[in-house]
Amino acid sequence: MSAPRATEQTLAQGISMVRRRHESLEADFAAPASATDPAPEDDDLVDPVVSSNVHLPTAIATQLAEARTVRRLTNGEFIIAAIEATHDRLNDFIHPGGVVGGRLFKARGVGSTSPSKVPTTPVAYSLRASDFEVLDELKKDFAARSRSQLITAALTAHFQLENEKD
């Protein structure tokens with residue numbers, strides 16, 4: 001026995017029925033349009049999270065690991081907190097010998113050659129893309145050699161302030 005053949009009329013009725021069912025489901029699951037509720041923006045699309053790493057002196061990296069565990073912050077969040085807490089003192093920690101230039105010539109630290117080799121540890125951190133723009137602007141403003149120097153100075157200043165409080 002063979003299966004009955006569908007006629008054009010039967011097929012047209014089936015397609016029509018499927019179309020109505022699709023429209024019904026579409027109406028059931030359509031989100032209500034509201035003029036008062038703007039579409040929420042996804043921060044990860046507008047300002048994505050970017051991962052990087054910084055080479056910190058091992059002693060600072062160890063302090064960071066302990067401190068962020070106590071405060072329950074990510075490395076990136078702790079770096080932001082440290083920079084914000086020490087912003088007014090950063091120049092002294094980035095350039096302990098002072099700065100020359102800055103008006104006509106590019107600002108540079110006095111005796112700003114690279115420090116003697118200190119063991120470093122790479123530390124991964126994540127920030128929003130806009131946060132990296134701020135870091136780069138601060139690096140430029142403070143005439144830091146690198147983001148690593150800026151972040152190391154901020155963490156050093158932060159931990160020094162913490163020790164002074166105790």
# chains A, B, ... in the order shown; residues from 1 in each chain; ligands from 1
$ select_by_dssp --residues "stretch 78-120 of chain A" --states "strand (DSSP E)" --output "JSON, numbers by chain"
{"A": [99, 100, 108, 109, 120]}
$ residues_around --residues "stretch 50-64 of chain A" --least-positions-apart "4" --cutoff "12 Å" --atoms "only C-alpha atoms" --output "ChimeraX atom specification"
/A:44-45,68-79,81-82,115-133,146-160,162-163
$ residues_around --residues "A:Gly109" --least-positions-apart "5" --cutoff "6 Å" --atoms "only C-alpha atoms" --output "list of chain:residue names"
A:His95, A:Gly98, A:Val99
$ atom_distance --atom1 "atom CA of A:Lys139" --atom2 "atom CA of A:Pro48"
21.1 Å
$ select_by_dssp --residues "stretch 36-126 of chain A" --states "alpha helix (DSSP H)" --output "count of residues only"
35
$ decode --residues "stretch 60-89 of chain A" --atoms "N, CA, C and O atoms" --output "mmCIF file, in the first residue's frame"
data_model
loop_
_atom_site.group_PDB
_atom_site.id
_atom_site.type_symbol
_atom_site.label_atom_id
_atom_site.label_comp_id
_atom_site.auth_asym_id
_atom_site.auth_seq_id
_atom_site.Cartn_x
_atom_site.Cartn_y
_atom_site.Cartn_z
ATOM 1 N N ILE A 60 55.066 43.144 45.472
ATOM 2 C CA ILE A 60 53.799 43.860 45.250
ATOM 3 C C ILE A 60 52.725 42.887 44.755
ATOM 4 O O ILE A 60 51.569 42.958 45.185
ATOM 5 N N ALA A 61 53.098 41.969 43.877
ATOM 6 C CA ALA A 61 52.147 40.976 43.369
ATOM 7 C C ALA A 61 51.607 40.117 44.507
ATOM 8 O O ALA A 61 50.411 39.798 44.541
ATOM 9 N N THR A 62 52.473 39.761 45.451
ATOM 10 C CA THR A 62 52.055 38.967 46.609
ATOM 11 C C THR A 62 51.092 39.764 47.482
ATOM 12 O O THR A 62 50.055 39.247 47.908
ATOM 13 N N GLN A 63 51.433 41.036 47.737
ATOM 14 C CA GLN A 63 50.534 41.892 48.528
ATOM 15 C C GLN A 63 49.186 42.053 47.839
ATOM 16 O O GLN A 63 48.141 42.038 48.496
ATOM 17 N N LEU A 64 49.203 42.211 46.523
ATOM 18 C CA LEU A 64 47.959 42.358 45.764
ATOM 19 C C LEU A 64 47.097 41.113 45.911
ATOM 20 O O LEU A 64 45.887 41.211 46.159
ATOM 21 N N ALA A 65 47.698 39.948 45.769
ATOM 22 C CA ALA A 65 46.942 38.687 45.875
ATOM 23 C C ALA A 65 46.278 38.567 47.246
ATOM 24 O O ALA A 65 45.110 38.178 47.348
ATOM 25 N N GLU A 66 47.008 38.924 48.296
ATOM 26 C CA GLU A 66 46.452 38.841 49.649
ATOM 27 C C GLU A 66 45.357 39.888 49.853
ATOM 28 O O GLU A 66 44.285 39.589 50.382
ATOM 29 N N ALA A 67 45.626 41.122 49.437
ATOM 30 C CA ALA A 67 44.683 42.223 49.668
ATOM 31 C C ALA A 67 43.389 42.049 48.881
ATOM 32 O O ALA A 67 42.306 42.318 49.393
ATOM 33 N N ARG A 68 43.480 41.610 47.654
ATOM 34 C CA ARG A 68 42.254 41.484 46.862
ATOM 35 C C ARG A 68 41.389 40.345 47.365
ATOM 36 O O ARG A 68 40.168 40.382 47.238
ATOM 37 N N THR A 69 42.001 39.337 47.979
ATOM 38 C CA THR A 69 41.237 38.247 48.570
ATOM 39 C C THR A 69 40.454 38.766 49.776
ATOM 40 O O THR A 69 39.275 38.447 49.935
ATOM 41 N N VAL A 70 41.097 39.587 50.580
ATOM 42 C CA VAL A 70 40.439 40.150 51.759
ATOM 43 C C VAL A 70 39.307 41.082 51.341
ATOM 44 O O VAL A 70 38.205 41.028 51.877
ATOM 45 N N ARG A 71 39.558 41.942 50.351
ATOM 46 C CA ARG A 71 38.554 42.917 49.926
ATOM 47 C C ARG A 71 37.581 42.364 48.888
ATOM 48 O O ARG A 71 36.638 43.039 48.506
ATOM 49 N N ARG A 72 37.837 41.153 48.412
ATOM 50 C CA ARG A 72 36.978 40.482 47.428
ATOM 51 C C ARG A 72 36.808 41.313 46.156
ATOM 52 O O ARG A 72 35.703 41.544 45.694
ATOM 53 N N LEU A 73 37.942 41.757 45.635
ATOM 54 C CA LEU A 73 37.974 42.500 44.383
ATOM 55 C C LEU A 73 38.776 41.714 43.362
ATOM 56 O O LEU A 73 39.660 40.937 43.725
ATOM 57 N N THR A 74 38.497 41.950 42.094
ATOM 58 C CA THR A 74 39.339 41.371 41.054
ATOM 59 C C THR A 74 40.626 42.185 40.984
ATOM 60 O O THR A 74 40.713 43.289 41.546
ATOM 61 N N ASN A 75 41.617 41.676 40.271
ATOM 62 C CA ASN A 75 42.851 42.441 40.100
ATOM 63 C C ASN A 75 42.560 43.799 39.458
ATOM 64 O O ASN A 75 43.086 44.824 39.882
ATOM 65 N N GLY A 76 41.723 43.806 38.429
ATOM 66 C CA GLY A 76 41.387 45.052 37.746
ATOM 67 C C GLY A 76 40.695 46.046 38.663
ATOM 68 O O GLY A 76 41.002 47.241 38.658
ATOM 69 N N GLU A 77 39.746 45.566 39.453
ATOM 70 C CA GLU A 77 39.042 46.441 40.393
ATOM 71 C C GLU A 77 40.003 46.999 41.437
ATOM 72 O O GLU A 77 39.929 48.178 41.796
ATOM 73 N N PHE A 78 40.925 46.169 41.913
ATOM 74 C CA PHE A 78 41.879 46.631 42.915
ATOM 75 C C PHE A 78 42.816 47.676 42.318
ATOM 76 O O PHE A 78 43.148 48.670 42.963
ATOM 77 N N ILE A 79 43.239 47.472 41.078
ATOM 78 C CA ILE A 79 44.106 48.443 40.403
ATOM 79 C C ILE A 79 43.395 49.789 40.285
ATOM 80 O O ILE A 79 43.969 50.846 40.573
ATOM 81 N N ILE A 80 42.129 49.766 39.876
ATOM 82 C CA ILE A 80 41.352 51.008 39.770
ATOM 83 C C ILE A 80 41.253 51.681 41.139
ATOM 84 O O ILE A 80 41.472 52.895 41.267
ATOM 85 N N ALA A 81 40.935 50.913 42.180
ATOM 86 C CA ALA A 81 40.805 51.470 43.528
ATOM 87 C C ALA A 81 42.121 52.093 43.986
ATOM 88 O O ALA A 81 42.137 53.184 44.571
ATOM 89 N N ALA A 82 43.235 51.417 43.695
ATOM 90 C CA ALA A 82 44.543 51.929 44.106
ATOM 91 C C ALA A 82 44.890 53.223 43.375
ATOM 92 O O ALA A 82 45.390 54.180 43.980
ATOM 93 N N ILE A 83 44.620 53.281 42.088
ATOM 94 C CA ILE A 83 44.919 54.493 41.321
ATOM 95 C C ILE A 83 44.061 55.652 41.812
ATOM 96 O O ILE A 83 44.559 56.761 42.023
ATOM 97 N N GLU A 84 42.782 55.406 42.021
ATOM 98 C CA GLU A 84 41.907 56.477 42.488
ATOM 99 C C GLU A 84 42.286 56.953 43.889
ATOM 100 O O GLU A 84 42.223 58.141 44.177
ATOM 101 N N ALA A 85 42.697 56.030 44.762
ATOM 102 C CA ALA A 85 43.040 56.398 46.138
ATOM 103 C C ALA A 85 44.365 57.146 46.241
ATOM 104 O O ALA A 85 44.592 57.886 47.193
ATOM 105 N N THR A 86 45.235 56.962 45.249
ATOM 106 C CA THR A 86 46.581 57.547 45.358
ATOM 107 C C THR A 86 46.883 58.549 44.247
ATOM 108 O O THR A 86 48.031 58.970 44.107
ATOM 109 N N HIS A 87 45.882 58.927 43.494
ATOM 110 C CA HIS A 87 46.086 59.787 42.321
ATOM 111 C C HIS A 87 46.903 61.033 42.642
ATOM 112 O O HIS A 87 47.805 61.402 41.893
ATOM 113 N N ASP A 88 46.615 61.674 43.765
ATOM 114 C CA ASP A 88 47.323 62.910 44.113
ATOM 115 C C ASP A 88 48.785 62.682 44.505
ATOM 116 O O ASP A 88 49.568 63.627 44.520
ATOM 117 N N ARG A 89 49.171 61.454 44.795
ATOM 118 C CA ARG A 89 50.553 61.149 45.194
ATOM 119 C C ARG A 89 51.323 60.357 44.140
ATOM 120 O O ARG A 89 52.500 60.055 44.336
#
